[in-house]
>>> print(open('query.cif').read())   # mmCIF, C-alpha atoms
data_data
#
loop_
_atom_site.label_atom_id
_atom_site.label_comp_id
_atom_site.auth_asym_id
_atom_site.auth_seq_id
_atom_site.Cartn_x
_atom_site.Cartn_y
_atom_site.Cartn_z
CA MET O 450 -59.62 -85.16 80.56
CA SER O 451 -58.68 -85.26 76.90
CA PRO O 452 -58.41 -88.60 75.05
CA SER O 453 -54.62 -88.29 74.80
CA ASN O 454 -54.25 -87.94 78.58
CA LYS O 455 -56.56 -90.85 79.43
CA ASN O 456 -53.72 -93.43 79.47
CA LYS O 457 -51.29 -91.17 81.32
CA ALA O 458 -53.35 -90.96 84.52
CA SER O 459 -51.53 -93.74 86.41
CA ALA O 460 -48.31 -91.75 87.07
CA PRO O 461 -47.79 -88.00 87.45
CA ALA O 462 -45.59 -86.11 84.99
CA ASN O 463 -41.83 -86.20 85.70
CA ALA O 464 -42.25 -88.94 88.30
CA THR O 465 -39.51 -91.43 89.17
CA LEU O 466 -40.94 -94.88 88.40
CA ALA O 467 -38.02 -97.15 89.35
CA GLN O 468 -34.72 -96.47 91.06
CA ASN O 469 -31.43 -98.36 91.49
CA ARG O 470 -30.54 -97.45 95.08
CA ARG O 471 -27.50 -99.69 95.36
CA ALA O 472 -25.77 -98.17 92.33
CA THR O 473 -24.48 -95.06 94.09
CA HIS O 474 -23.23 -97.16 96.99
CA GLU O 475 -21.33 -99.68 94.88
CA PHE O 476 -20.15 -97.37 92.08
CA GLU O 477 -18.57 -93.96 91.76
CA VAL O 478 -20.73 -91.97 89.34
CA LEU O 479 -18.56 -90.03 86.87
CA GLU O 480 -21.14 -88.73 84.39
CA ARG O 481 -24.90 -88.97 83.85
CA PHE O 482 -26.85 -89.33 80.61
CA GLU O 483 -30.53 -89.28 79.71
CA ALA O 484 -31.64 -91.96 77.27
CA GLY O 485 -34.90 -92.90 75.68
CA ILE O 486 -35.95 -96.53 75.75
CA ALA O 487 -37.71 -98.65 73.13
CA LEU O 488 -40.66 -100.37 74.80
CA VAL O 489 -43.78 -102.25 73.77
CA GLY O 490 -47.20 -101.07 74.95
CA SER O 491 -47.62 -103.53 77.81
CA GLU O 492 -44.18 -102.57 79.17
CA VAL O 493 -45.09 -98.89 79.21
CA LYS O 494 -48.27 -99.59 81.16
CA SER O 495 -46.47 -101.83 83.63
CA ILE O 496 -43.69 -99.28 84.18
CA ARG O 497 -46.26 -96.50 84.70
CA ASP O 498 -47.80 -98.69 87.42
CA GLY O 499 -44.38 -98.82 89.13
CA ARG O 500 -43.73 -102.50 88.41
CA ALA O 501 -40.12 -102.24 87.20
CA SER O 502 -36.84 -103.10 88.89
CA LEU O 503 -33.29 -102.02 88.02
CA ALA O 504 -31.62 -104.02 90.80
CA GLU O 505 -29.36 -106.27 88.68
CA SER O 506 -29.38 -104.30 85.45
CA TYR O 507 -26.67 -102.66 83.40
CA ALA O 508 -26.26 -101.20 79.91
CA GLY O 509 -24.09 -102.87 77.31
CA PHE O 510 -23.17 -102.53 73.67
CA VAL O 511 -24.27 -105.09 71.11
CA SER O 512 -22.92 -104.26 67.64
CA ASP O 513 -22.78 -100.45 68.03
CA GLU O 514 -26.15 -100.22 69.75
CA LEU O 515 -26.75 -99.74 73.46
CA TYR O 516 -29.15 -102.05 75.32
CA LEU O 517 -30.55 -102.17 78.83
CA ILE O 518 -29.82 -105.69 80.06
CA GLY O 519 -31.23 -107.41 83.12
CA ALA O 520 -33.98 -104.91 83.95
CA HIS O 521 -37.16 -106.58 85.16
CA VAL O 522 -40.54 -105.22 84.04
CA SER O 523 -43.44 -107.29 85.36
CA GLU O 524 -46.07 -108.50 82.94
CA TYR O 525 -49.19 -106.37 82.55
CA GLU O 526 -52.18 -108.56 83.42
CA GLN O 527 -54.62 -106.89 81.02
CA ALA O 528 -52.35 -107.46 77.97
CA HIS O 529 -53.20 -111.20 77.76
CA LYS O 530 -51.44 -112.86 74.78
CA ARG O 531 -49.67 -109.68 73.63
CA ASN O 532 -47.65 -109.45 76.83
CA HIS O 533 -43.89 -108.91 76.94
CA GLU O 534 -41.07 -110.95 78.44
CA PRO O 535 -40.26 -109.63 81.95
CA VAL O 536 -36.47 -109.71 81.47
CA ARG O 537 -35.34 -108.89 77.95
CA ARG O 538 -32.86 -106.59 76.24
CA ARG O 539 -34.36 -103.16 75.64
CA LYS O 540 -32.76 -100.76 73.19
CA LEU O 541 -31.61 -97.42 74.61
CA LEU O 542 -31.94 -94.38 72.39
CA LEU O 543 -29.08 -91.86 72.39
CA GLN O 544 -27.41 -89.57 69.88
CA ARG O 545 -24.62 -91.19 67.83
CA LYS O 546 -21.99 -88.84 69.39
CA GLU O 547 -23.02 -89.93 72.88
CA LEU O 548 -22.99 -93.61 71.87
CA ASP O 549 -19.47 -93.27 70.45
CA LYS O 550 -18.26 -91.47 73.58
CA LEU O 551 -19.75 -94.14 75.85
CA SER O 552 -18.40 -97.06 73.81
CA ILE O 553 -14.88 -95.61 73.98
CA ALA O 554 -15.16 -95.03 77.74
CA VAL O 555 -16.41 -98.57 78.32
CA ALA O 556 -13.86 -100.27 76.05
CA ARG O 557 -10.74 -98.23 76.79
CA ASP O 558 -11.19 -97.03 80.37
CA GLY O 559 -12.98 -100.11 81.74
CA LEU O 560 -15.97 -98.12 83.00
CA THR O 561 -19.49 -99.47 83.44
CA LEU O 562 -22.88 -98.11 82.37
CA ILE O 563 -25.43 -98.46 85.15
CA PRO O 564 -29.08 -97.32 84.97
CA LEU O 565 -29.87 -95.16 88.00
CA ARG O 566 -33.58 -94.59 87.50
CA ILE O 567 -36.52 -94.83 85.13
CA TYR O 568 -38.72 -91.76 85.04
CA LEU O 569 -41.31 -89.89 83.01
CA LYS O 570 -40.43 -86.73 81.09
CA ASP O 571 -43.21 -85.01 79.17
CA GLY O 572 -45.09 -88.31 78.95
CA TRP O 573 -42.10 -90.32 77.66
CA VAL O 574 -40.32 -93.04 79.63
CA LYS O 575 -36.64 -92.15 80.06
CA VAL O 576 -33.66 -93.88 81.68
CA GLU O 577 -30.94 -92.04 83.58
CA LEU O 578 -27.65 -93.80 82.80
CA ALA O 579 -24.45 -93.26 84.73
CA LEU O 580 -20.91 -93.85 83.55
CA CYS O 581 -19.42 -95.47 86.65
CA ARG O 582 -16.26 -96.87 88.14
CA GLY O 583 -16.53 -99.59 90.77
CA LYS O 584 -15.76 -98.55 94.35
CA GLN O 585 -13.23 -100.33 96.48
CA ILE O 586 -14.08 -101.24 100.09
CA HIS O 587 -12.16 -98.26 101.48
CA ASP O 588 -14.09 -95.93 99.13
CA LYS O 589 -17.37 -97.29 100.48
CA ARG O 590 -16.19 -96.75 104.05
CA GLN O 591 -15.18 -93.19 103.20
CA SER O 592 -18.64 -92.50 101.70
CA ILE O 593 -20.34 -93.85 104.83
CA LYS O 594 -18.09 -91.75 107.06
CA GLU O 595 -18.83 -88.57 105.09
CA ARG O 596 -22.57 -89.26 105.20
CA GLU O 597 -22.48 -89.78 108.99
CA GLN O 598 -20.51 -86.56 109.49
CA LYS O 599 -23.05 -84.64 107.42
CA ARG O 600 -25.89 -86.06 109.53
CA GLU O 601 -24.14 -85.01 112.75
CA ILE O 602 -23.64 -81.48 111.43
CA ASP O 603 -27.31 -81.28 110.43
CA ARG O 604 -28.36 -82.49 113.90
CA GLU O 605 -26.21 -79.83 115.57
CA ARG O 606 -27.70 -77.13 113.36
CA ALA O 607 -31.20 -78.30 114.21
CA VAL O 608 -30.46 -78.24 117.95
CA ARG O 609 -29.05 -74.71 117.78
CA ARG O 610 -32.14 -73.40 115.99
#
>>> encode(input="query.cif", output="structure tokens")
Amino acid sequence: MSPSNKNKASAPANATLAQNRRATHEFEVLERFEAGIALVGSEVKSIRDGRASLAESYAGFVSDELYLIGAHVSEYEQAHKRNHEPVRRRKLLLQRKELDKLSIAVARDGLTLIPLRIYLKDGWVKVELALCRGKQIHDKRQSIKEREQKREIDRERAVRR
């Protein structure tokens, strides 16, 4: 194992480290984006250990910059005094064109930016953001109905095999 790969042993490459499972149930995903995230060292180690949660998080603009707000990253025990705050704003890194597009969509169309998952890509921690519209109750019922119909079709196919 080379010295550069020594710290990357805790999570395999391209692994999903945290996921927001409720997001696709409560929101209609219109478009997905990949964003980098500015982290401190203890946060990276904690995320690689799978100790992050996106349950109540969202992305928001603060003076033309996009931040991940409400994401919980547990403290890393071995960091001692140089540890991070578990819930803090973390800057998301996107191209300026993408930031402008997202800010217009959020301001004008009333859409929401929701983080779907945190994952590794080539050793870097990335966030998958989704431009979403909130679902109404009847939309949720329709999604559940479609999912149940798909399961029934899959069961029938399995029986016929």
>>> residues_near_point(input="query.cif", point="(-20.8, -93.3, 93.5)", cutoff="9 Å", atoms="all atoms listed in the file", output="list in words")
Ala472, Thr473, His474, Glu475, Phe476, Glu477, Val478, Leu479, Cys581, Arg582, Gly583, Lys584, Lys589 and Ser592 of chain O
>>> closest_atom_pairs(input="query.cif", of="region 568-590 of chain O", to="region 498-521 of chain O", cutoff="10 Å", atoms="only C-alpha atoms", output="CSV")
residue,atom,partner,partner_atom,distance
O:Tyr568,CA,O:Gly499,CA,9.9
O:Val576,CA,O:Leu517,CA,9.3
O:Leu578,CA,O:Ala508,CA,8.1
O:Ala579,CA,O:Ala508,CA,9.5
O:Leu580,CA,O:Ala508,CA,9.8
>>> resolve_selection(input="query.cif", expression="the PyMOL selection byres ((chain O and resi 492) around 8)", output="number ranges by chain")
O: 488-491, 493-496, 522-525, 533
>>> write_last_selection(input="query.cif", atoms="C-alpha atoms", output="JSON list (two decimals), keeping the file's coordinate frame")
[["chain", "number", "residue", "atom", "x", "y", "z"],
["O", 488, "LEU", "CA", -40.66, -100.37, 74.80],
["O", 489, "VAL", "CA", -43.78, -102.25, 73.77],
["O", 490, "GLY", "CA", -47.20, -101.07, 74.95],
["O", 491, "SER", "CA", -47.62, -103.53, 77.81],
["O", 493, "VAL", "CA", -45.09, -98.89, 79.21],
["O", 494, "LYS", "CA", -48.27, -99.59, 81.16],
["O", 495, "SER", "CA", -46.47, -101.83, 83.63],
["O", 496, "ILE", "CA", -43.69, -99.28, 84.18],
["O", 522, "VAL", "CA", -40.54, -105.22, 84.04],
["O", 523, "SER", "CA", -43.44, -107.29, 85.36],
["O", 524, "GLU", "CA", -46.07, -108.50, 82.94],
["O", 525, "TYR", "CA", -49.19, -106.37, 82.55],
["O", 533, "HIS", "CA", -43.89, -108.91, 76.94]]
>>> atom_distance(input="query.cif", atom1="CA of Ala484 (chain O)", atom2="CA of Thr465 (chain O)")
14.3 Å
>>> closest_residue(input="query.cif", among="O:Leu541, O:Leu551, O:Ile593, O:Ile586", to="Ile567 (chain O)", atoms="only C-alpha atoms")
O:Leu541
>>> residues_around(input="query.cif", residues="Gly485 (chain O)", least_positions_apart="3", cutoff="8 Å", atoms="only C-alpha atoms", output="PyMOL selection string")
chain O and resi 541-543+573-576
>>> closest_residue(input="query.cif", among="O:Ala556, O:Gln585, O:Asp571, O:Lys530", to="Asn463 (chain O)", atoms="only C-alpha atoms")
O:Asp571
>>> atom_distance(input="query.cif", atom1="CA of Gln527 (chain O)", atom2="CA of Ala464 (chain O)")
23.0 Å
>>> atom_distance(input="query.cif", atom1="CA of Arg596 (chain O)", atom2="CA of Gly559 (chain O)")
27.6 Å
>>> build_atoms(input="query.cif", residues="region 534-569 of chain O", atoms="N, CA and C atoms", output="short mmCIF file (atom, residue, chain, number, x, y, z; two decimals), in the coordinates of the input")
data_model
loop_
_atom_site.label_atom_id
_atom_site.label_comp_id
_atom_site.auth_asym_id
_atom_site.auth_seq_id
_atom_site.Cartn_x
_atom_site.Cartn_y
_atom_site.Cartn_z
N GLU O 534 -41.91 -110.16 77.55
CA GLU O 534 -41.07 -110.95 78.44
C GLU O 534 -40.61 -110.04 79.57
N PRO O 535 -40.65 -110.50 80.83
CA PRO O 535 -40.26 -109.63 81.95
C PRO O 535 -38.79 -109.18 81.90
N VAL O 536 -37.88 -110.08 81.54
CA VAL O 536 -36.47 -109.71 81.47
C VAL O 536 -36.02 -109.92 80.03
N ARG O 537 -35.81 -108.82 79.33
CA ARG O 537 -35.34 -108.89 77.95
C ARG O 537 -34.45 -107.68 77.69
N ARG O 538 -33.69 -107.74 76.62
CA ARG O 538 -32.86 -106.59 76.24
C ARG O 538 -33.77 -105.52 75.66
N ARG O 539 -33.58 -104.29 76.14
CA ARG O 539 -34.36 -103.16 75.64
C ARG O 539 -33.40 -102.13 75.08
N LYS O 540 -33.66 -101.69 73.86
CA LYS O 540 -32.76 -100.76 73.19
C LYS O 540 -32.85 -99.38 73.83
N LEU O 541 -31.68 -98.77 74.09
CA LEU O 541 -31.61 -97.42 74.61
C LEU O 541 -31.34 -96.46 73.47
N LEU O 542 -31.99 -95.33 73.49
CA LEU O 542 -31.94 -94.38 72.39
C LEU O 542 -31.13 -93.16 72.79
N LEU O 543 -29.97 -92.99 72.15
CA LEU O 543 -29.08 -91.86 72.39
C LEU O 543 -28.58 -91.33 71.05
N GLN O 544 -28.03 -90.13 71.07
CA GLN O 544 -27.41 -89.57 69.88
C GLN O 544 -26.15 -90.38 69.55
N ARG O 545 -25.78 -90.43 68.28
CA ARG O 545 -24.62 -91.19 67.83
C ARG O 545 -23.34 -90.70 68.52
N LYS O 546 -23.19 -89.38 68.72
CA LYS O 546 -21.99 -88.84 69.39
C LYS O 546 -21.89 -89.38 70.81
N GLU O 547 -23.01 -89.41 71.50
CA GLU O 547 -23.02 -89.93 72.88
C GLU O 547 -22.71 -91.42 72.89
N LEU O 548 -23.28 -92.17 71.94
CA LEU O 548 -22.99 -93.61 71.87
C LEU O 548 -21.51 -93.87 71.63
N ASP O 549 -20.90 -93.10 70.72
CA ASP O 549 -19.47 -93.27 70.45
C ASP O 549 -18.63 -92.95 71.68
N LYS O 550 -18.98 -91.87 72.36
CA LYS O 550 -18.26 -91.47 73.58
C LYS O 550 -18.35 -92.56 74.65
N LEU O 551 -19.54 -93.10 74.83
CA LEU O 551 -19.75 -94.14 75.85
C LEU O 551 -19.03 -95.44 75.48
N SER O 552 -19.06 -95.81 74.21
CA SER O 552 -18.40 -97.06 73.81
C SER O 552 -16.90 -96.97 74.01
N ILE O 553 -16.31 -95.80 73.74
CA ILE O 553 -14.88 -95.61 73.98
C ILE O 553 -14.57 -95.68 75.47
N ALA O 554 -15.40 -95.02 76.29
CA ALA O 554 -15.16 -95.03 77.74
C ALA O 554 -15.28 -96.44 78.32
N VAL O 555 -16.22 -97.21 77.82
CA VAL O 555 -16.41 -98.57 78.32
C VAL O 555 -15.26 -99.48 77.87
N ALA O 556 -14.88 -99.37 76.59
CA ALA O 556 -13.86 -100.27 76.05
C ALA O 556 -12.46 -99.90 76.54
N ARG O 557 -12.11 -98.63 76.48
CA ARG O 557 -10.74 -98.23 76.79
C ARG O 557 -10.50 -98.05 78.28
N ASP O 558 -11.42 -97.37 78.97
CA ASP O 558 -11.19 -97.03 80.37
C ASP O 558 -11.73 -98.07 81.35
N GLY O 559 -12.46 -99.06 80.86
CA GLY O 559 -12.98 -100.11 81.74
C GLY O 559 -14.10 -99.62 82.64
N LEU O 560 -14.87 -98.63 82.20
CA LEU O 560 -15.97 -98.12 83.00
C LEU O 560 -17.23 -98.93 82.72
N THR O 561 -18.25 -98.73 83.54
CA THR O 561 -19.49 -99.47 83.44
C THR O 561 -20.65 -98.51 83.27
N LEU O 562 -21.65 -98.90 82.52
CA LEU O 562 -22.88 -98.11 82.37
C LEU O 562 -23.97 -98.74 83.24
N ILE O 563 -24.43 -97.97 84.21
CA ILE O 563 -25.43 -98.46 85.15
C ILE O 563 -26.66 -97.56 85.06
N PRO O 564 -27.86 -98.14 84.92
CA PRO O 564 -29.08 -97.32 84.97
C PRO O 564 -29.39 -96.93 86.42
N LEU O 565 -29.57 -95.64 86.66
CA LEU O 565 -29.87 -95.16 88.00
C LEU O 565 -31.36 -95.10 88.28
N ARG O 566 -32.13 -94.69 87.28
CA ARG O 566 -33.58 -94.59 87.50
C ARG O 566 -34.31 -94.59 86.18
N ILE O 567 -35.59 -94.96 86.24
CA ILE O 567 -36.52 -94.83 85.13
C ILE O 567 -37.54 -93.79 85.56
N TYR O 568 -37.81 -92.84 84.69
CA TYR O 568 -38.72 -91.76 85.04
C TYR O 568 -39.50 -91.29 83.82
N LEU O 569 -40.51 -90.48 84.08
CA LEU O 569 -41.31 -89.89 83.01
C LEU O 569 -40.82 -88.47 82.75
#
